[in-house]
>>> print(open('coords29.txt').read())   # compact mmCIF, C-alpha atoms
# COMPACT_ATOMS: atom_id res chain seq x y z
CA MET I 1 -63.21 265.32 31.79
CA ALA I 2 -59.74 265.23 30.21
CA LYS I 3 -58.56 261.94 28.82
CA LYS I 4 -55.95 260.14 30.84
CA LYS I 5 -52.77 259.04 29.18
CA THR I 6 -51.05 255.70 29.28
CA PHE I 7 -47.26 256.22 29.19
CA GLY I 8 -47.85 259.42 27.26
CA LEU I 9 -50.28 257.75 24.86
CA PRO I 10 -54.09 257.95 24.63
CA THR I 11 -56.04 255.72 27.01
CA GLY I 12 -57.07 252.39 25.53
CA LEU I 13 -54.10 252.06 23.17
CA PRO I 14 -53.14 248.38 22.79
CA LEU I 15 -50.23 247.23 24.92
CA ALA I 16 -48.36 246.22 21.75
CA ASP I 17 -48.28 249.87 20.67
CA ILE I 18 -47.07 250.94 24.10
CA VAL I 19 -44.27 248.40 23.80
CA LYS I 20 -43.32 249.75 20.36
CA GLU I 21 -43.26 253.25 21.79
CA GLY I 22 -41.06 252.06 24.64
CA GLU I 23 -38.62 250.43 22.26
CA ALA I 24 -38.53 253.54 20.10
CA GLU I 25 -37.52 255.56 23.16
CA ALA I 26 -34.36 253.47 23.40
CA GLY I 27 -33.42 254.12 19.77
CA SER I 28 -32.43 251.61 17.14
CA PHE I 29 -30.82 248.31 18.10
CA VAL I 30 -28.55 245.81 16.38
CA MET I 31 -27.88 242.11 16.73
CA GLU I 32 -24.40 241.16 17.97
CA ILE I 33 -22.59 238.11 19.29
CA LEU I 34 -21.63 239.10 22.83
CA PRO I 35 -19.27 237.56 25.38
CA ILE I 36 -21.43 236.05 28.13
CA ALA I 37 -18.94 237.30 30.73
CA ARG I 38 -19.90 240.90 29.90
CA ILE I 39 -23.61 240.33 30.46
CA GLU I 40 -25.43 240.54 33.79
CA LEU I 41 -28.98 239.88 34.97
CA ASP I 42 -31.39 242.71 35.69
CA PRO I 43 -31.65 242.59 39.51
CA ASP I 44 -35.07 244.26 39.45
CA ASN I 45 -36.69 242.12 36.77
CA PRO I 46 -39.77 240.44 38.29
CA ARG I 47 -38.89 237.40 36.17
CA CYS I 48 -36.06 236.57 38.58
CA LEU I 49 -35.29 232.87 38.78
CA GLY I 50 -32.99 233.40 41.76
CA LEU I 51 -30.13 231.34 40.30
CA ASN I 52 -26.54 232.50 40.64
CA PRO I 53 -25.06 233.06 37.14
CA VAL I 54 -21.58 232.27 38.46
CA ASN I 55 -22.76 228.74 39.24
CA PRO I 56 -26.49 228.19 38.49
CA ARG I 57 -26.30 224.61 39.78
CA LYS I 58 -25.30 225.68 43.29
CA LEU I 59 -28.43 225.56 45.44
CA ASP I 60 -28.87 225.71 49.20
CA VAL I 61 -31.34 223.13 50.53
CA ALA I 62 -31.93 225.40 53.53
CA ASP I 63 -33.19 228.15 51.23
CA ARG I 64 -36.95 228.62 51.73
CA LEU I 65 -37.25 228.93 47.92
CA TYR I 66 -35.18 225.81 47.27
CA GLU I 67 -37.99 223.82 45.62
CA ARG I 68 -38.88 226.69 43.30
CA LYS I 69 -35.25 227.23 42.32
CA LYS I 70 -34.74 223.50 41.81
CA THR I 71 -37.72 223.40 39.45
CA ALA I 72 -36.34 226.39 37.53
CA LEU I 73 -32.89 224.76 37.35
CA ASP I 74 -34.33 221.48 36.02
CA SER I 75 -36.08 223.39 33.25
CA ILE I 76 -32.95 225.31 32.36
CA GLU I 77 -30.89 222.10 32.34
CA GLU I 78 -33.19 220.77 29.58
CA LEU I 79 -32.76 223.99 27.62
CA ALA I 80 -28.99 223.79 28.08
CA ILE I 81 -28.94 220.37 26.36
CA ASN I 82 -30.61 221.88 23.29
CA ILE I 83 -28.28 224.89 23.30
CA ALA I 84 -25.23 222.59 23.49
CA ARG I 85 -26.49 220.85 20.31
CA PHE I 86 -28.04 223.68 18.30
CA LYS I 87 -26.77 226.92 19.94
CA VAL I 88 -29.14 229.79 20.85
CA GLN I 89 -31.61 230.21 18.02
CA GLN I 90 -33.47 233.26 19.36
CA PRO I 91 -31.27 236.19 20.49
CA ILE I 92 -31.77 237.64 23.94
CA LYS I 93 -32.30 241.39 24.33
CA VAL I 94 -29.89 243.55 26.34
CA TYR I 95 -29.00 247.21 26.80
CA GLN I 96 -25.62 248.81 27.40
CA HIS I 97 -24.90 249.26 31.09
CA ASP I 98 -21.63 250.60 32.47
CA LYS I 99 -18.92 248.70 30.60
CA GLY I 100 -21.09 245.70 29.85
CA TYR I 101 -24.72 244.79 29.19
CA ARG I 102 -27.81 244.12 31.25
CA ILE I 103 -30.59 241.74 30.19
CA VAL I 104 -33.99 243.11 29.17
CA PHE I 105 -35.33 239.60 28.61
CA GLY I 106 -33.84 236.19 27.86
CA GLU I 107 -32.72 235.19 31.37
CA ARG I 108 -33.38 231.46 30.80
CA ARG I 109 -31.40 231.35 27.54
CA TYR I 110 -28.56 233.25 29.23
CA LEU I 111 -28.36 230.86 32.20
CA ALA I 112 -28.78 227.79 29.99
CA SER I 113 -25.89 228.98 27.82
CA ILE I 114 -23.72 229.20 30.93
CA LEU I 115 -24.66 225.63 31.86
CA ALA I 116 -23.91 224.52 28.31
CA GLY I 117 -20.43 226.00 28.54
CA GLU I 118 -21.03 228.65 25.88
CA LYS I 119 -18.76 231.69 25.88
CA THR I 120 -20.86 233.88 23.62
CA ILE I 121 -24.56 234.47 22.93
CA PRO I 122 -26.49 236.29 20.19
CA ALA I 123 -28.24 239.42 21.47
CA TRP I 124 -30.25 242.38 20.26
CA VAL I 125 -28.39 245.35 21.76
CA LEU I 126 -30.17 248.55 22.77
CA PRO I 127 -27.89 251.59 23.21
CA ASP I 128 -29.62 252.70 26.41
CA ARG I 129 -31.96 251.44 29.10
CA PRO I 130 -35.47 251.48 27.57
CA LYS I 131 -37.65 254.14 29.12
CA PHE I 132 -40.43 251.58 29.51
CA LEU I 133 -38.23 248.64 30.52
CA ARG I 134 -40.71 247.16 33.01
CA THR I 135 -43.50 247.38 30.44
CA LEU I 136 -41.34 245.55 27.89
CA GLN I 137 -40.57 242.85 30.45
CA PHE I 138 -44.23 242.63 31.46
CA SER I 139 -45.26 242.15 27.83
CA GLU I 140 -42.56 239.54 27.24
CA ASN I 141 -43.43 237.64 30.40
CA GLU I 142 -47.16 237.68 29.58
CA HIS I 143 -46.57 236.21 26.14
CA HIS I 144 -43.65 233.86 26.60
CA ASP I 145 -42.94 233.02 30.24
CA LYS I 146 -45.02 231.22 32.81
CA LEU I 147 -44.75 233.29 35.95
CA ASP I 148 -46.02 232.22 39.34
CA ALA I 149 -48.42 234.40 41.34
CA TRP I 150 -45.73 236.40 43.17
CA GLU I 151 -43.74 237.07 40.00
CA ARG I 152 -46.90 238.21 38.21
CA LEU I 153 -47.76 240.58 41.05
CA GLU I 154 -44.23 241.99 41.06
CA SER I 155 -44.38 242.41 37.29
CA VAL I 156 -47.61 244.42 37.55
CA ARG I 157 -46.23 246.45 40.46
CA ALA I 158 -43.17 247.29 38.38
CA VAL I 159 -45.33 248.55 35.53
CA VAL I 160 -47.38 250.65 37.97
CA GLY I 161 -44.20 252.12 39.44
CA GLU I 162 -42.91 252.94 35.97
CA PHE I 163 -46.17 254.62 34.97
CA GLU I 164 -46.32 256.71 38.14
CA SER I 165 -42.66 257.64 37.79
CA TYR I 166 -42.97 259.02 34.27
CA GLU I 167 -46.50 260.38 34.49
CA GLU I 168 -46.21 261.72 38.04
CA GLU I 169 -49.74 260.44 38.60
CA MET I 170 -51.00 257.79 40.98
CA ILE I 171 -52.94 254.83 39.62
CA ARG I 172 -56.01 255.16 41.84
CA SER I 173 -58.35 252.63 40.28
CA ALA I 174 -58.44 249.15 38.82
CA THR I 175 -59.88 250.65 35.65
CA THR I 176 -56.74 252.70 35.07
CA LEU I 177 -54.58 249.69 35.91
CA ALA I 178 -56.46 247.66 33.29
CA GLU I 179 -55.85 250.40 30.73
CA VAL I 180 -52.14 250.57 31.51
CA THR I 181 -51.49 246.82 31.49
CA GLY I 182 -54.10 245.51 29.08
CA LEU I 183 -55.44 243.17 31.77
CA LYS I 184 -59.14 242.37 32.03
CA LEU I 185 -60.89 244.57 34.59
CA SER I 186 -61.70 241.60 36.84
CA MET I 187 -58.03 240.62 37.01
CA ALA I 188 -56.89 244.23 37.35
CA ASN I 189 -59.18 244.46 40.39
CA ASN I 190 -57.30 241.59 42.00
CA TYR I 191 -53.87 243.11 41.36
CA PHE I 192 -55.00 246.57 42.46
CA ASP I 193 -56.29 245.22 45.77
CA LEU I 194 -53.05 243.33 46.35
CA ILE I 195 -50.81 246.29 45.48
CA ARG I 196 -52.75 248.62 47.78
CA GLY I 197 -53.55 245.93 50.34
CA PRO I 198 -51.83 244.67 53.52
CA ASP I 199 -48.19 243.57 53.54
CA ASP I 200 -48.95 240.22 55.18
CA VAL I 201 -50.82 238.95 52.10
CA ARG I 202 -48.01 239.97 49.75
CA GLU I 203 -45.55 238.23 52.07
CA ALA I 204 -47.63 235.03 51.82
CA LEU I 205 -47.39 235.28 48.03
CA GLN I 206 -43.66 235.93 48.15
CA THR I 207 -43.03 232.86 50.31
CA ARG I 208 -45.39 230.88 48.07
CA ALA I 209 -47.69 230.04 50.97
CA ILE I 210 -50.36 231.29 48.56
CA THR I 211 -49.97 230.60 44.85
CA ASN I 212 -53.25 231.98 43.52
CA ILE I 213 -53.84 235.67 42.74
CA GLN I 214 -57.62 235.46 43.09
CA LEU I 215 -57.41 233.80 46.52
CA ALA I 216 -54.78 236.27 47.70
CA ALA I 217 -56.96 239.21 46.61
CA GLU I 218 -59.95 237.80 48.52
CA ILE I 219 -57.84 237.65 51.67
CA ALA I 220 -56.43 241.15 51.07
CA ARG I 221 -59.98 242.55 50.93
CA GLU I 222 -60.83 241.21 54.40
CA PRO I 223 -60.71 244.20 56.77
CA ASP I 224 -60.83 242.02 59.91
CA PHE I 225 -57.21 241.44 60.91
CA THR I 226 -58.00 238.31 62.95
CA LYS I 227 -59.90 236.61 60.13
CA ARG I 228 -57.21 237.54 57.62
CA GLN I 229 -54.47 236.11 59.83
CA ALA I 230 -56.46 232.91 60.31
CA ALA I 231 -56.73 232.48 56.55
CA LEU I 232 -53.02 233.17 56.05
CA GLU I 233 -52.09 230.67 58.77
CA ALA I 234 -54.26 228.05 57.08
CA ALA I 235 -52.40 228.76 53.85
CA ARG I 236 -49.01 228.38 55.54
CA LEU I 237 -50.13 225.00 56.87
CA GLY I 238 -50.93 223.82 53.36
CA ALA I 239 -54.73 224.03 53.44
CA THR I 240 -56.63 223.83 50.18
CA SER I 241 -58.11 226.96 48.59
CA ASP I 242 -61.61 225.89 49.62
CA LYS I 243 -60.50 225.41 53.22
CA ILE I 244 -58.78 228.80 53.27
CA ARG I 245 -61.92 230.46 51.92
CA SER I 246 -63.97 228.66 54.57
CA VAL I 247 -61.71 230.01 57.32
CA LEU I 248 -61.89 233.50 55.81
CA LYS I 249 -65.66 233.58 55.56
CA LYS I 250 -66.33 232.06 58.97
CA ALA I 251 -68.29 234.58 61.02
CA MET I 252 -69.87 234.76 64.44
CA LYS I 253 -73.51 233.72 64.52
CA LEU I 254 -75.72 236.72 64.69
CA THR I 255 -78.35 236.91 67.43
CA PRO I 256 -81.81 237.08 65.86
CA GLN I 257 -83.31 240.52 66.26
CA PRO I 258 -86.97 240.93 67.28
CA GLY I 259 -89.30 242.30 64.66
CA ASN I 260 -89.61 246.07 64.56
CA ARG I 261 -92.87 247.66 65.60
CA GLY I 262 -94.43 250.87 64.43
CA ARG I 263 -95.05 252.25 60.99
CA PRO I 264 -93.85 250.16 58.01
CA ALA I 265 -90.55 251.16 56.45
CA LYS I 266 -90.71 253.18 53.25
CA ASN I 267 -87.09 252.80 52.17
CA VAL I 268 -84.15 250.41 52.41
CA THR I 269 -81.26 251.06 54.76
CA LEU I 270 -78.09 249.92 53.02
CA GLY I 271 -75.96 249.89 56.14
CA LYS I 272 -72.37 251.09 56.64
CA THR I 273 -68.92 249.74 55.88
CA ALA I 274 -65.41 250.85 56.75
CA ASN I 275 -64.06 248.88 53.80
CA THR I 276 -64.07 251.15 50.73
CA VAL I 277 -62.90 248.23 48.60
CA VAL I 278 -66.38 246.69 48.93
CA VAL I 279 -67.97 249.87 47.58
CA ARG I 280 -65.50 250.11 44.72
CA ARG I 281 -66.02 246.49 43.72
CA ILE I 282 -69.80 246.96 43.58
CA VAL I 283 -69.58 250.20 41.60
CA GLU I 284 -66.96 249.05 39.10
CA THR I 285 -68.56 245.63 38.62
CA ILE I 286 -71.92 247.15 37.68
CA LEU I 287 -70.72 250.19 35.72
CA GLY I 288 -67.57 248.65 34.24
CA ASP I 289 -65.36 250.93 32.15
CA ALA I 290 -68.04 253.66 32.26
CA CYS I 291 -67.70 253.97 36.05
CA TYR I 292 -65.82 257.25 36.28
CA GLU I 293 -67.55 258.90 33.35
CA THR I 294 -70.95 258.00 34.84
CA LEU I 295 -70.07 259.27 38.31
CA GLY I 296 -68.56 262.46 36.95
CA GLY I 297 -64.89 262.32 37.80
CA GLU I 298 -62.04 260.65 39.65
CA ILE I 299 -62.85 258.88 42.91
CA ARG I 300 -60.34 258.88 45.75
CA TRP I 301 -60.88 255.39 47.15
CA ASP I 302 -58.81 256.14 50.25
CA ASP I 303 -61.09 259.07 51.17
CA PHE I 304 -64.40 258.23 52.90
CA ASN I 305 -66.07 261.49 51.81
CA SER I 306 -65.14 260.91 48.18
CA VAL I 307 -66.40 257.31 48.32
CA THR I 308 -69.63 258.34 50.07
CA ASN I 309 -70.35 260.95 47.39
CA ALA I 310 -69.62 258.40 44.67
CA TRP I 311 -71.98 255.91 46.31
CA LYS I 312 -74.79 258.46 46.43
CA LYS I 313 -74.28 259.26 42.75
CA PHE I 314 -74.21 255.55 42.00
CA LEU I 315 -77.55 254.94 43.74
CA SER I 316 -79.06 257.99 42.05
CA TYR I 317 -77.89 256.69 38.69
CA LEU I 318 -79.45 253.27 39.31
CA GLU I 319 -82.73 254.78 40.45
CA SER I 320 -82.94 257.02 37.39
CA ASN I 321 -82.41 254.05 35.13
CA GLU I 322 -84.55 251.53 36.95
CA GLY I 323 -87.32 253.92 37.96
CA SER I 324 -88.26 254.74 41.58
CA GLU I 325 -91.47 253.62 43.18
CA HIS I 326 -93.10 256.16 45.47
>>> encode(input="coords29.txt", output="structure tokens")
Amino acid sequence: MAKKKTFGLPTGLPLADIVKEGEAEAGSFVMEILPIARIELDPDNPRCLGLNPVNPRKLDVADRLYERKKTALDSIEELAINIARFKVQQPIKVYQHDKGYRIVFGERRYLASILAGEKTIPAWVLPDRPKFLRTLQFSENEHHDKLDAWERLESVRAVVGEFESYEEEMIRSATTLAEVTGLKLSMANNYFDLIRGPDDVREALQTRAITNIQLAAEIAREPDFTKRQAALEAARLGATSDKIRSVLKKAMKLTPQPGNRGRPAKNVTLGKTANTVVVRRIVETILGDACYETLGGEIRWDDFNSVTNAWKKFLSYLESNEGSEH
């Protein structure tokens, strides 16, 4: 099986090296003192605070994200006090865009400088948009910024989109997502399920009705629309995570079945499921990073035949390792 590549690099390469490669694609950069008026925010950066650079203090109390923006503004106001006294000590990073510059990262320092009344700001200037811009922003956000659940999901989605755009290959598994982002497989599973999952769960994250990635992923994996909607409604009403999980897991009581008569069973019936995510979670949890190598190739998780074949191989693998009793 041919090795996959991560942004044109061998699988498993540390994210730091991918970032270096991305920066190299943009060429060398220099530090300059730039007029703030010639700089603009990146409208597609997942680390979007939602504040208007023309007047960051202007907030609309009717805005559904008012509280979040107010919290962001309060934090930037504190930074602005320091910038007014000591100036910007760490340059932001920008790239040339049209007749001005667009921010790669450093949005908070940029907005705080505006609040502090600064006219210029130190910046590392890239000559062109970095090929791996979203990966650079993802790396920066992971190491320096505290993103909420929706911003983190958007950041991962942006990296996925960038990968698929340049590689012309779909990310079809959480294992590949973990390789691309450097996330742990358990967390990559959560993001993968959310990216490929129903829109209503992502909307709940966007409106901050849900603020926990793990909880959101659990809801996204629920194939029953009614149960999923009940959990989302509980979240919108401000229920605790435990209460939301209780609503999600609530099931109809099963009627006890009479004991079967006849010859004793000689094998175990594992049942059926229309939710391929359940199968994938079991397989990847047990086999880990060796999942696809063990099962002999790529698995199309949106194809029932492909998943069924993978499940059979998985059971065969377990039996060969554990030993079958006849």
>>> atom_distance(input="coords29.txt", atom1="atom CA of Leu126 of chain I", atom2="atom CA of Pro91 of chain I")
12.6 Å
>>> closest_residue(input="coords29.txt", among="I:Asp98, I:Glu77, I:Glu162, I:Glu151", to="Arg57 of chain I", atoms="all atoms listed in the file")
I:Glu77
>>> residues_around(input="coords29.txt", residues="Arg64 of chain I", least_positions_apart="5", cutoff="12 Å", atoms="all atoms listed in the file", output="PDB file with C-alpha atoms, in the coordinates of the input")
ATOM      1  CA  GLY I  50     -32.990 233.400  41.760  1.00  0.00           C
ATOM      2  CA  LEU I  59     -28.430 225.560  45.440  1.00  0.00           C
ATOM      3  CA  LYS I  69     -35.250 227.230  42.320  1.00  0.00           C
ATOM      4  CA  LYS I  70     -34.740 223.500  41.810  1.00  0.00           C
ATOM      5  CA  GLN I 206     -43.660 235.930  48.150  1.00  0.00           C
ATOM      6  CA  THR I 207     -43.030 232.860  50.310  1.00  0.00           C
ATOM      7  CA  ARG I 208     -45.390 230.880  48.070  1.00  0.00           C
ATOM      8  CA  ALA I 209     -47.690 230.040  50.970  1.00  0.00           C
TER       9      ALA I 209
END
>>> closest_residue(input="coords29.txt", among="I:Tyr110, I:Phe314, I:Trp124, I:Phe192", to="Leu79 of chain I", atoms="all atoms listed in the file")
I:Tyr110
>>> closest_residue(input="coords29.txt", among="I:Glu67, I:Asp148, I:Leu248, I:Glu218", to="Ala231 of chain I", atoms="all atoms listed in the file")
I:Leu248
>>> residues_around(input="coords29.txt", residues="Met31 of chain I", least_positions_apart="5", cutoff="12 Å", atoms="only C-alpha atoms", output="MDAnalysis selection string")
chainID I and resid 90:95 121:127
>>> closest_residue(input="coords29.txt", among="I:Phe86, I:Glu179, I:Arg172, I:Leu153", to="Leu205 of chain I", atoms="all atoms listed in the file")
I:Leu153
>>> residues_near_point(input="coords29.txt", point="(-44.8, 246.8, 36.2)", cutoff="9 Å", atoms="all atoms listed in the file", output="PyMOL selection string")
chain I and resi 46+133-135+137-138+153-163+181
>>> write_last_selection(input="coords29.txt", atoms="C-alpha atoms", output="CSV table (one decimal), in the frame of the given file")
chain,number,residue,atom,x,y,z
I,46,PRO,CA,-39.8,240.4,38.3
I,133,LEU,CA,-38.2,248.6,30.5
I,134,ARG,CA,-40.7,247.2,33.0
I,135,THR,CA,-43.5,247.4,30.4
I,137,GLN,CA,-40.6,242.8,30.4
I,138,PHE,CA,-44.2,242.6,31.5
I,153,LEU,CA,-47.8,240.6,41.0
I,154,GLU,CA,-44.2,242.0,41.1
I,155,SER,CA,-44.4,242.4,37.3
I,156,VAL,CA,-47.6,244.4,37.6
I,157,ARG,CA,-46.2,246.4,40.5
I,158,ALA,CA,-43.2,247.3,38.4
I,159,VAL,CA,-45.3,248.6,35.5
I,160,VAL,CA,-47.4,250.6,38.0
I,161,GLY,CA,-44.2,252.1,39.4
I,162,GLU,CA,-42.9,252.9,36.0
I,163,PHE,CA,-46.2,254.6,35.0
I,181,THR,CA,-51.5,246.8,31.5
>>> atom_distance(input="coords29.txt", atom1="atom CA of Glu118 of chain I", atom2="atom CA of Asp63 of chain I")
28.1 Å
>>> closest_residue(input="coords29.txt", among="I:Val104, I:Ala80, I:Thr71, I:Ala112", to="Val54 of chain I", atoms="all atoms listed in the file")
I:Ala112
